[in-house]
Amino acid sequence: MASVKTHMDRRSFLKVSMSGGAGLMVGFSWLSSLIAENETGHYPDEWFAINAYINIASNGEVTIFSPNPEIGQNVKTSMPLIVAEELDVDWNDVKVEQATLDTEKYTRQLAGGSQSIRQGWESLRMAGATAKYLLVAAAAQKWNADMNDLSTEKGMITNTKTGERIGYGDIATDAASIPVPDEVELKDPKDFNLIGGYIKNVDGHDIVTGKPLFGLDFMREGTKIAMIVHPPAFGMKLKSYDASEVKSMSGVDDVFTIDTSINDPQWSDVNAFNELVVVTGKTTWQVMKAKKALNVEWETVDNLESSETHRQRLVEAITNRSGEVERQDGDPDKVSGQATKVIERVYTAPFLAHNTLEPMNFFANVTDNSAELIGPIQTPEQLRTSAAALLGMPESAVSVDMTRMGGGFGRRLYGNFGLEAAAISQKIGAPVKLIYTREDDMTQGTYRPAYAIRYRASLDDDGNLLSFEAKGTGIPSSPLFANRFPAGTLDHYKSENVEIETSITTGAWRAPRSNFVAGAEQSFIDEVAAEAGKDPIEFRLELFDRAIEDPVGTDNDYDPERYAGVLELVRDKSNWGKEMPGVYRGVSAYYCHNSYVAQVVDVVMEEGTPKIKKVWCAVDCGIVVNMEGALNQVEGGIIDGIGHSMYSQLTFKDGTPDQNNFDQYRLIRHREAPDEIEVFFADNNIDPTGLGEPTLPPISAAVANAMYKATGTRWYNQPFMDADQELIVS
Amino acid sequence: MPTYSLNINGSKYTVDADSDTPMLWVLRDQLDLLGTKFGCGIAMCGACTIHLNGNAIRSCSLPVSSVGDAEITTIEGLSEKGDHPVQQAWLEEDVAQCGYCQAGQIMTAAALLDRNPNPTDEEIESAMNGNLCRCGTYKRIKKAIQIASKNS
């Protein structure tokens, strides 16, 4: 058997114990050496480690705990699947349970940066392989056999010499006394039975039958309902409130204020509105009505910004202000001054709200010496730290349980709602369920920043790219990644950032920064290729050839061969270059979250309106762990990306969001989603990388480039469709 | 506070509630039927879809006082064992990502197929357009409805 030996170094530890008097319980915690460059550099380093937890009962039941929060990225299925693969159990015999926050047993219990599978890969495999080793060693001891003569399959151990067989459950108790090995053997990927298959969502049946899986569904007898009232505008704070009438309303218990600002605010709790008015009561509807009737006065303490000035400030910043040059190769200014052709374009995008379909909510039960927090949170560990600071308790007194989440998209990285629930429970001395209305949720901040980038490229007589410059800005900061394509593919390159101050709070939104950069850059590249008189895929491949053969600089953070690989894959699969009457095509490619994606969009004209007919998508994310879940993520990322670039925006008037619910904020709907998305995964044995985010960023450019072919119009400003424009995606 | 007698999933319930209380909150807060979800409160997302005499209705905008003796079905009552053809098709297509909107999607789809067992693509899109899926599972939802249409 081909195998990979993985050494457990001294930084890893492992606990083996009996499970409830019998059976085997294996807990792992690796303070990982897997820390690689990461997408989301602001996470504390110690979170980049991993663990797993297996419980094999004496009756043969295998429980695998899924350590990370589930936001729809399907880790609750795919992380235990990796453990089960190495453990060699029948997936039908596996019960998956969501782990609680437990930093003794687990590390990096976090949903962010598309990193769960990538960071967890080796350690999850080691968890399964180590448990299997202990079981096999125990069987060998029992039978007085050589371990090498024993084989495993679907939870059974067989002595290949004698034919003796024993189930994992029957040997599990013995296995608990086997010493932990220094090394374990991992399977050769060609021997995978589960990985790469089509495995369905472990919560599928509970979801389609309406089981109470989500944060909003968690209730406990005696729990009060709470809602908050936050300032109507960024730049305002609470002045006073009059609760006299509201307090006598049916079902209302109390009206008071809380302040969730903590002395040492962590990045995950950045919030514009810390001082809030709270209404508590019996039922959600009663509290909701009371909240609406509440008379609150606000005072202006900061700038009240409007979208008109935002737009001016974005353009002004990349036109007149000099920024910080993050990378410069050669002398692009000089070269473009002497070039045959210079192309310069500006791209913009608005603020976006996350709009998870399950609004923010949290359960809290705070007593004098303990706090129990339960709900939807992408960063449970950070919430515990912040809650302990806010409540004045040691972290050991605070517990956090993760429910399934009705979407994350980055919003639930910022656990201010959990802190608010804790503060309310502490104040009233009773368990409380905090619920945001949709309006609270949409107007409360942590938005995707508004962005602008000015690109400038120059070409020689033969259509070769001589120089490429990007100057990016955003409210509050630039989205550019200085070391990504086309850095490394040409001699003269510059990436420059300008910042803009704002009173509006922003945060990570699915594929942060990439969600705008990819579309802008790949639209621009399309235009430059057209000016060069070259096929847009060939134009890109020529650049990658340079980066493969003779890269410029040493900090380029992508692999040009894999990048070119997905472009070639989508080119070949989509029959790029073949004339198809009435079909207009656009291409785009991007690298983020350690994965490579190339997309071709086919647009047709129907009654004078361009419609998306089909999306072709090539992905290189290394080994695909679960094909079913992977395809769903790819499709979802594409539809999300089309929707937000086409239709969505959050605008402001005097600090107040113009949109506060789905009658004003437009999200992509059934009719606008493309019918056909065909996906092709690069076939390799590279360790898996991110998939929750990478297919979203490039799609807006593939759409824009195809629509240009269909209409002759270039699309520079998102959303491409104004609210009153016809739907143009079929 | 008025008292209402409600016919939900084939059972009789009696609740005390303000007359303007939406059915969504009667179901969730008072009857512990938590499968019906809150998304927007203004009938723009479809997460709260239930059946009122077999028609798909947004329960967030349906006051309890307007229900009378109409038959209400929620996701919990769509089938006894979770094996309604639409639910089975949802599992076959592995539709869900986060899963939050899916009860509402399923209720809208079940009502569609009940009155139109063989809908065209356009009829599916038209019936489903009021149900948002923030994760973008629209393609799978449409496929699941086509499968359920064939199997029922």
# chains A, B, ... in the order shown; residues from 1 in each chain; ligands from 1
call {"tool": "interface_residues", "arguments": {"of": "chain A", "to": "chain B", "cutoff": "8 Å", "atoms": "only C-alpha atoms", "output": "ChimeraX atom specification"}}
result
/A:70-74,200-201,204-205,207-212,214,217,283-285,355-359,404-407,437-439,628,632-633,635-637,639-640,661-663,667-671,673-676
call {"tool": "write_last_selection", "arguments": {"atoms": "N, CA and C atoms", "output": "short mmCIF file (atom, residue, chain, number, x, y, z; two decimals), in the first residue's frame"}}
result
data_model
loop_
_atom_site.label_atom_id
_atom_site.label_comp_id
_atom_site.auth_asym_id
_atom_site.auth_seq_id
_atom_site.Cartn_x
_atom_site.Cartn_y
_atom_site.Cartn_z
N GLU A 70 -20.82 25.74 10.66
CA GLU A 70 -21.43 25.43 9.35
C GLU A 70 -22.29 26.62 8.92
N ILE A 71 -21.89 27.23 7.79
CA ILE A 71 -22.63 28.39 7.30
C ILE A 71 -23.25 28.14 5.93
N GLY A 72 -23.22 26.88 5.51
CA GLY A 72 -23.71 26.57 4.17
C GLY A 72 -22.58 26.17 3.24
N GLN A 73 -21.35 26.19 3.78
CA GLN A 73 -20.19 25.79 2.96
C GLN A 73 -19.99 24.28 3.02
N ASN A 74 -20.82 23.60 3.79
CA ASN A 74 -20.89 22.14 3.81
C ASN A 74 -19.74 21.46 4.54
N LYS A 200 -24.04 13.31 0.15
CA LYS A 200 -25.09 14.30 0.41
C LYS A 200 -24.94 14.94 1.80
N ASN A 201 -25.48 16.15 1.91
CA ASN A 201 -25.46 16.96 3.12
C ASN A 201 -25.99 16.15 4.32
N GLY A 204 -29.33 17.15 5.46
CA GLY A 204 -30.33 17.28 4.38
C GLY A 204 -31.75 16.96 4.82
N HIS A 205 -31.93 15.84 5.47
CA HIS A 205 -33.29 15.44 5.86
C HIS A 205 -33.88 16.39 6.89
N ILE A 207 -33.19 19.48 7.17
CA ILE A 207 -33.48 20.75 6.51
C ILE A 207 -34.82 20.67 5.76
N VAL A 208 -35.05 19.60 5.01
CA VAL A 208 -36.27 19.56 4.19
C VAL A 208 -37.52 19.24 5.03
N THR A 209 -37.32 18.82 6.27
CA THR A 209 -38.49 18.58 7.13
C THR A 209 -38.67 19.69 8.17
N GLY A 210 -37.85 20.74 8.08
CA GLY A 210 -38.06 21.92 8.94
C GLY A 210 -37.66 21.74 10.38
N LYS A 211 -36.65 20.93 10.64
CA LYS A 211 -36.19 20.74 12.02
C LYS A 211 -35.51 22.04 12.51
N PRO A 212 -35.58 22.27 13.82
CA PRO A 212 -35.03 23.53 14.36
C PRO A 212 -33.51 23.52 14.47
N PHE A 214 -31.38 26.03 13.26
CA PHE A 214 -30.71 27.32 13.12
C PHE A 214 -30.73 28.11 14.43
N ASP A 217 -33.93 29.32 15.69
CA ASP A 217 -34.82 28.26 16.17
C ASP A 217 -34.52 27.84 17.61
N THR A 283 -43.33 37.92 23.40
CA THR A 283 -43.28 37.31 22.06
C THR A 283 -42.60 38.25 21.07
N THR A 284 -42.15 37.68 19.99
CA THR A 284 -41.41 38.46 19.00
C THR A 284 -42.26 39.59 18.43
N TRP A 285 -43.52 39.27 18.12
CA TRP A 285 -44.38 40.28 17.51
C TRP A 285 -44.64 41.45 18.46
N ASN A 355 -26.70 40.41 4.03
CA ASN A 355 -28.06 39.88 3.86
C ASN A 355 -28.15 38.35 3.97
N THR A 356 -27.53 37.79 4.98
CA THR A 356 -27.80 36.38 5.26
C THR A 356 -29.30 36.25 5.43
N LEU A 357 -29.88 35.15 4.94
CA LEU A 357 -31.34 35.09 5.00
C LEU A 357 -31.84 34.93 6.44
N GLU A 358 -31.04 34.32 7.28
CA GLU A 358 -31.37 34.30 8.71
C GLU A 358 -30.77 35.56 9.33
N PRO A 359 -31.63 36.46 9.81
CA PRO A 359 -31.08 37.70 10.39
C PRO A 359 -30.24 37.39 11.64
N ARG A 404 -26.36 25.63 13.41
CA ARG A 404 -26.26 25.79 11.96
C ARG A 404 -26.64 27.23 11.64
N MET A 405 -26.03 27.79 10.59
CA MET A 405 -26.27 29.20 10.28
C MET A 405 -27.01 29.37 8.98
N GLY A 406 -27.99 30.26 8.97
CA GLY A 406 -28.70 30.60 7.74
C GLY A 406 -27.88 31.60 6.93
N GLY A 407 -26.71 31.14 6.51
CA GLY A 407 -25.79 31.97 5.73
C GLY A 407 -24.80 32.70 6.60
N THR A 437 -34.55 42.47 13.33
CA THR A 437 -35.45 42.49 12.16
C THR A 437 -34.57 42.57 10.92
N ARG A 438 -35.17 42.35 9.76
CA ARG A 438 -34.40 42.51 8.53
C ARG A 438 -33.85 43.92 8.42
N GLU A 439 -34.67 44.88 8.85
CA GLU A 439 -34.24 46.27 8.76
C GLU A 439 -33.04 46.54 9.68
N GLU A 628 -20.30 16.43 -4.67
CA GLU A 628 -21.65 17.00 -4.59
C GLU A 628 -21.61 18.40 -3.96
N ASN A 632 -22.07 22.30 -5.68
CA ASN A 632 -23.04 23.23 -5.11
C ASN A 632 -22.37 24.57 -4.76
N GLN A 633 -21.16 24.50 -4.18
CA GLN A 633 -20.44 25.73 -3.85
C GLN A 633 -20.08 26.52 -5.10
N GLU A 635 -21.56 26.47 -8.08
CA GLU A 635 -22.77 27.04 -8.66
C GLU A 635 -23.24 28.24 -7.84
N GLY A 636 -23.22 28.08 -6.51
CA GLY A 636 -23.68 29.15 -5.63
C GLY A 636 -22.81 30.39 -5.74
N GLY A 637 -21.50 30.19 -5.82
CA GLY A 637 -20.59 31.33 -5.95
C GLY A 637 -20.84 32.09 -7.24
N ILE A 639 -23.69 32.19 -9.04
CA ILE A 639 -24.98 32.88 -8.99
C ILE A 639 -24.91 34.09 -8.06
N ASP A 640 -24.22 33.94 -6.94
CA ASP A 640 -24.03 35.05 -6.01
C ASP A 640 -23.27 36.19 -6.70
N ASN A 661 -34.73 46.72 3.28
CA ASN A 661 -35.37 45.40 3.19
C ASN A 661 -35.36 44.99 1.72
N PHE A 662 -35.87 43.79 1.45
CA PHE A 662 -35.74 43.22 0.10
C PHE A 662 -36.70 43.82 -0.91
N ASP A 663 -37.56 44.76 -0.48
CA ASP A 663 -38.35 45.49 -1.48
C ASP A 663 -37.51 46.58 -2.12
N LEU A 667 -31.80 41.46 -4.71
CA LEU A 667 -30.96 40.26 -4.77
C LEU A 667 -31.38 39.43 -5.97
N ILE A 668 -30.47 38.64 -6.48
CA ILE A 668 -30.80 37.80 -7.63
C ILE A 668 -31.88 36.80 -7.25
N ARG A 669 -32.82 36.59 -8.16
CA ARG A 669 -33.92 35.66 -7.91
C ARG A 669 -33.92 34.54 -8.95
N HIS A 670 -34.84 33.58 -8.74
CA HIS A 670 -34.92 32.40 -9.60
C HIS A 670 -34.81 32.73 -11.09
N ARG A 671 -35.62 33.69 -11.52
CA ARG A 671 -35.75 33.96 -12.95
C ARG A 671 -34.42 34.47 -13.54
N ALA A 673 -31.34 33.57 -12.52
CA ALA A 673 -30.21 32.65 -12.39
C ALA A 673 -30.05 31.85 -13.68
N PRO A 674 -28.80 31.66 -14.14
CA PRO A 674 -28.61 30.89 -15.36
C PRO A 674 -29.03 29.43 -15.14
N ASP A 675 -29.62 28.86 -16.15
CA ASP A 675 -30.07 27.47 -16.07
C ASP A 675 -28.91 26.51 -16.04
N GLU A 676 -27.92 26.84 -16.85
CA GLU A 676 -26.88 25.84 -17.05
C GLU A 676 -25.54 26.34 -16.56
#
call {"tool": "select_by_dssp", "arguments": {"residues": "segment 328-467 of chain A", "states": "strand (DSSP E or B)", "output": "VMD selection string"}}
result
chain A and resid 328 to 329 341 to 349 351 to 352 361 to 366 371 to 375 398 to 402 404 432 to 435 447 to 448 450 to 459 465 to 467
call {"tool": "residues_around", "arguments": {"residues": "segment 696-709 of chain A", "least_positions_apart": "6", "cutoff": "9 Å", "atoms": "only C-alpha atoms", "output": "ChimeraX atom specification"}}
result
/A:510-511,513-524,526-527,584-592,597-604,610-612,615,634,636-646,715-716,720
call {"tool": "closest_residue", "arguments": {"among": "A:Glu221, A:Glu245, A:Glu469, A:Glu395", "to": "Val346 of chain A", "atoms": "only C-alpha atoms"}}
result
A:Glu469
call {"tool": "residues_around", "arguments": {"residues": "Ser152 of chain B", "least_positions_apart": "5", "cutoff": "10 Å", "atoms": "only C-alpha atoms", "output": "list in words"}}
result
His84, Pro85, Val86, Leu113, Asp114, Pro117, Asn118 and Ile147 of chain B
call {"tool": "select_by_dssp", "arguments": {"residues": "chain B", "states": "helix (DSSP H, G or I)", "output": "number ranges by chain"}}
result
B: 23-30, 59-61, 64-66, 75-77, 85-92, 102-115, 121-128, 138-151
call {"tool": "atom_distance", "arguments": {"atom1": "atom CA of Met288 of chain A", "atom2": "atom CA of Lys247 of chain A"}}
result
12.9 Å
call {"tool": "atom_distance", "arguments": {"atom1": "atom CA of Gly46 of chain B", "atom2": "atom CA of Leu62 of chain B"}}
result
12.6 Å
call {"tool": "atom_distance", "arguments": {"atom1": "atom CA of Ala364 of chain A", "atom2": "atom CA of Gln382 of chain A"}}
result
15.7 Å
call {"tool": "residues_around", "arguments": {"residues": "segment 492-506 of chain A", "least_positions_apart": "3", "cutoff": "8 Å", "atoms": "only C-alpha atoms", "output": "JSON, numbers by chain"}}
result
{"A": [234, 235, 270, 271, 272, 302, 303, 304, 305, 313, 314, 317, 318, 321, 322, 323, 324, 325, 326, 327, 328, 329, 330, 331, 332, 335, 445, 446, 447, 448, 449, 466, 467, 468, 469, 470, 471, 472, 473, 474, 475, 476, 477, 478, 480, 481, 482, 487, 655]}
call {"tool": "write_last_selection", "arguments": {"atoms": "N, CA and C atoms", "output": "tab-separated table (two decimals), in the first residue's frame"}}
result
chain	number	residue	atom	x	y	z
A	234	PHE	N	-25.28	56.31	10.16
A	234	PHE	CA	-23.87	56.26	10.56
A	234	PHE	C	-23.43	57.69	10.81
A	235	GLY	N	-22.86	57.92	12.00
A	235	GLY	CA	-22.51	59.28	12.39
A	235	GLY	C	-23.47	59.82	13.44
A	270	VAL	N	-15.98	44.96	15.81
A	270	VAL	CA	-16.04	46.33	15.33
A	270	VAL	C	-17.49	46.65	14.98
A	271	ASN	N	-18.02	47.65	15.56
A	271	ASN	CA	-19.43	47.94	15.40
A	271	ASN	C	-19.64	49.43	15.51
A	272	ALA	N	-20.45	49.98	14.61
A	272	ALA	CA	-20.69	51.41	14.63
A	272	ALA	C	-21.55	51.81	15.82
A	302	ASP	N	-20.81	62.60	14.02
A	302	ASP	CA	-19.78	62.38	13.00
A	302	ASP	C	-20.39	62.77	11.65
A	303	ASN	N	-19.58	62.64	10.58
A	303	ASN	CA	-20.08	62.99	9.25
A	303	ASN	C	-21.27	62.12	8.88
A	304	LEU	N	-22.28	62.72	8.26
A	304	LEU	CA	-23.41	61.98	7.72
A	304	LEU	C	-23.20	61.89	6.21
A	305	GLU	N	-22.74	60.74	5.76
A	305	GLU	CA	-22.26	60.62	4.39
A	305	GLU	C	-23.38	60.21	3.41
A	313	ARG	N	-15.64	61.08	-4.03
A	313	ARG	CA	-14.41	60.85	-3.24
A	313	ARG	C	-13.60	59.69	-3.79
A	314	LEU	N	-14.30	58.65	-4.26
A	314	LEU	CA	-13.59	57.50	-4.85
A	314	LEU	C	-12.81	57.94	-6.09
A	317	ALA	N	-9.95	60.27	-5.29
A	317	ALA	CA	-8.82	59.60	-4.65
A	317	ALA	C	-7.89	58.96	-5.67
A	318	ILE	N	-8.45	58.34	-6.71
A	318	ILE	CA	-7.58	57.67	-7.68
A	318	ILE	C	-7.18	58.59	-8.82
A	321	ARG	N	-5.12	62.04	-5.73
A	321	ARG	CA	-4.31	61.79	-4.54
A	321	ARG	C	-3.22	60.78	-4.83
A	322	SER	N	-2.06	61.00	-4.23
A	322	SER	CA	-1.02	59.98	-4.38
A	322	SER	C	-1.15	59.00	-3.22
A	323	GLY	N	-0.96	57.75	-3.55
A	323	GLY	CA	-1.19	56.73	-2.54
A	323	GLY	C	0.10	56.05	-2.13
A	324	GLU	N	-0.05	54.93	-1.51
A	324	GLU	CA	1.09	54.14	-1.09
A	324	GLU	C	1.36	53.09	-2.16
A	325	VAL	N	2.56	53.12	-2.71
A	325	VAL	CA	2.91	52.13	-3.73
A	325	VAL	C	3.33	50.84	-3.02
A	326	GLU	N	2.56	49.79	-3.23
A	326	GLU	CA	2.84	48.54	-2.52
A	326	GLU	C	3.84	47.69	-3.30
A	327	ARG	N	3.82	47.83	-4.62
A	327	ARG	CA	4.80	47.10	-5.42
A	327	ARG	C	5.06	47.87	-6.70
A	328	GLN	N	6.31	47.96	-7.06
A	328	GLN	CA	6.65	48.51	-8.37
A	328	GLN	C	7.78	47.70	-8.98
A	329	ASP	N	7.56	47.27	-10.21
A	329	ASP	CA	8.61	46.63	-11.00
A	329	ASP	C	8.90	47.54	-12.18
A	330	GLY	N	10.17	47.78	-12.49
A	330	GLY	CA	10.54	48.60	-13.64
A	330	GLY	C	10.05	50.03	-13.50
A	331	ASP	N	9.72	50.63	-14.62
A	331	ASP	CA	9.29	52.03	-14.62
A	331	ASP	C	8.07	52.19	-15.53
A	332	PRO	N	6.90	51.81	-15.04
A	332	PRO	CA	5.72	51.82	-15.90
A	332	PRO	C	5.36	53.21	-16.43
A	335	VAL	N	7.62	53.91	-19.42
A	335	VAL	CA	7.32	53.01	-20.53
A	335	VAL	C	6.00	53.38	-21.21
A	445	GLY	N	-24.46	47.95	9.35
A	445	GLY	CA	-23.03	48.10	9.04
A	445	GLY	C	-22.30	46.81	8.76
A	446	THR	N	-20.95	46.88	8.87
A	446	THR	CA	-20.03	45.82	8.45
A	446	THR	C	-20.23	45.46	6.98
A	447	TYR	N	-20.43	46.48	6.15
A	447	TYR	CA	-20.70	46.27	4.73
A	447	TYR	C	-19.44	45.94	3.93
A	448	ARG	N	-19.65	45.37	2.75
A	448	ARG	CA	-18.56	45.30	1.77
A	448	ARG	C	-18.25	46.75	1.41
A	449	PRO	N	-16.97	47.15	1.47
A	449	PRO	CA	-16.63	48.54	1.16
A	449	PRO	C	-17.00	48.92	-0.27
A	466	LEU	N	3.29	46.13	-22.37
A	466	LEU	CA	4.55	46.68	-21.87
A	466	LEU	C	4.47	47.01	-20.39
A	467	SER	N	3.35	47.62	-19.99
A	467	SER	CA	3.25	48.03	-18.59
A	467	SER	C	1.81	47.89	-18.12
A	468	PHE	N	1.68	47.75	-16.80
A	468	PHE	CA	0.36	47.62	-16.19
A	468	PHE	C	0.39	48.31	-14.85
A	469	GLU	N	-0.54	49.23	-14.66
A	469	GLU	CA	-0.60	49.95	-13.39
A	469	GLU	C	-2.00	49.89	-12.82
A	470	ALA	N	-2.10	49.69	-11.52
A	470	ALA	CA	-3.39	49.68	-10.85
A	470	ALA	C	-3.32	50.63	-9.67
A	471	LYS	N	-4.29	51.54	-9.59
A	471	LYS	CA	-4.39	52.42	-8.43
A	471	LYS	C	-5.77	52.22	-7.83
A	472	GLY	N	-5.77	51.66	-6.65
A	472	GLY	CA	-7.05	51.27	-6.05
A	472	GLY	C	-7.38	52.09	-4.82
A	473	THR	N	-8.67	52.25	-4.61
A	473	THR	CA	-9.11	52.89	-3.38
A	473	THR	C	-10.43	52.26	-2.95
A	474	GLY	N	-10.81	52.58	-1.76
A	474	GLY	CA	-12.10	52.09	-1.26
A	474	GLY	C	-12.50	52.90	-0.07
A	475	ILE	N	-13.73	52.82	0.27
A	475	ILE	CA	-14.20	53.44	1.50
A	475	ILE	C	-14.42	52.29	2.48
A	476	PRO	N	-13.43	52.01	3.33
A	476	PRO	CA	-12.28	52.84	3.70
A	476	PRO	C	-10.95	52.49	3.02
A	477	SER	N	-10.80	51.33	2.32
A	477	SER	CA	-9.46	51.00	1.85
A	477	SER	C	-9.47	50.26	0.53
A	478	SER	N	-8.31	50.20	-0.09
A	478	SER	CA	-8.15	49.66	-1.43
A	478	SER	C	-8.30	48.14	-1.44
A	480	LEU	N	-6.86	46.19	-3.77
A	480	LEU	CA	-5.82	45.55	-4.59
A	480	LEU	C	-4.96	44.55	-3.82
A	481	PHE	N	-4.54	43.51	-4.52
A	481	PHE	CA	-3.52	42.56	-4.03
A	481	PHE	C	-2.31	42.77	-4.93
A	482	ALA	N	-1.25	43.34	-4.38
A	482	ALA	CA	-0.14	43.79	-5.20
A	482	ALA	C	0.60	42.66	-5.90
A	487	ALA	N	0.97	40.93	-11.91
A	487	ALA	CA	2.32	41.04	-11.36
A	487	ALA	C	3.09	39.75	-11.68
A	655	GLY	N	-26.05	59.61	5.78
A	655	GLY	CA	-25.66	58.58	6.74
A	655	GLY	C	-26.65	57.44	6.89
call {"tool": "closest_residue", "arguments": {"among": "A:Ala127, A:Ala682, A:Ile428, A:Ala138", "to": "Phe256 of chain A", "atoms": "only C-alpha atoms"}}
result
A:Ile428
call {"tool": "closest_residue", "arguments": {"among": "B:Leu112, B:Ile57, B:Val64, B:Ala148", "to": "Asn7 of chain B", "atoms": "only C-alpha atoms"}}
result
B:Val64
call {"tool": "residues_around", "arguments": {"residues": "Asn53 of chain B", "least_positions_apart": "5", "cutoff": "7 Å", "atoms": "only C-alpha atoms", "output": "list in words"}}
result
Ala70, Glu71 and Ile72 of chain B
call {"tool": "closest_residue", "arguments": {"among": "A:Asn295, A:Gly488, A:Asp182, A:Ile435", "to": "Thr554 of chain A", "atoms": "only C-alpha atoms"}}
result
A:Gly488
call {"tool": "closest_residue", "arguments": {"among": "B:Ser59, B:Met23, B:Val67, B:Thr73", "to": "Ser11 of chain B", "atoms": "only C-alpha atoms"}}
result
B:Thr73
call {"tool": "residues_around", "arguments": {"residues": "Tyr436 of chain A", "least_positions_apart": "3", "cutoff": "7 Å", "atoms": "only C-alpha atoms", "output": "list in words"}}
result
Met227, Pro359, Met360, Asn361, Asp440 and Asp441 of chain A
call {"tool": "write_last_selection", "arguments": {"atoms": "N, CA and C atoms", "output": "mmCIF file, in the first residue's frame"}}
result
data_model
loop_
_atom_site.group_PDB
_atom_site.id
_atom_site.type_symbol
_atom_site.label_atom_id
_atom_site.label_comp_id
_atom_site.auth_asym_id
_atom_site.auth_seq_id
_atom_site.Cartn_x
_atom_site.Cartn_y
_atom_site.Cartn_z
ATOM 1 N N MET A 227 -35.192 42.897 21.379
ATOM 2 C CA MET A 227 -34.810 43.549 20.122
ATOM 3 C C MET A 227 -34.084 44.837 20.449
ATOM 4 N N PRO A 359 -31.630 36.463 9.808
ATOM 5 C CA PRO A 359 -31.084 37.698 10.390
ATOM 6 C C PRO A 359 -30.243 37.390 11.636
ATOM 7 N N MET A 360 -29.412 38.371 12.020
ATOM 8 C CA MET A 360 -28.571 38.192 13.198
ATOM 9 C C MET A 360 -29.451 37.900 14.406
ATOM 10 N N ASN A 361 -28.970 37.003 15.251
ATOM 11 C CA ASN A 361 -29.701 36.661 16.474
ATOM 12 C C ASN A 361 -28.749 35.902 17.386
ATOM 13 N N ASP A 440 -33.075 45.981 10.888
ATOM 14 C CA ASP A 440 -31.910 46.118 11.789
ATOM 15 C C ASP A 440 -30.671 45.543 11.112
ATOM 16 N N ASP A 441 -30.858 44.379 10.523
ATOM 17 C CA ASP A 441 -29.752 43.626 9.948
ATOM 18 C C ASP A 441 -29.112 44.388 8.780
#
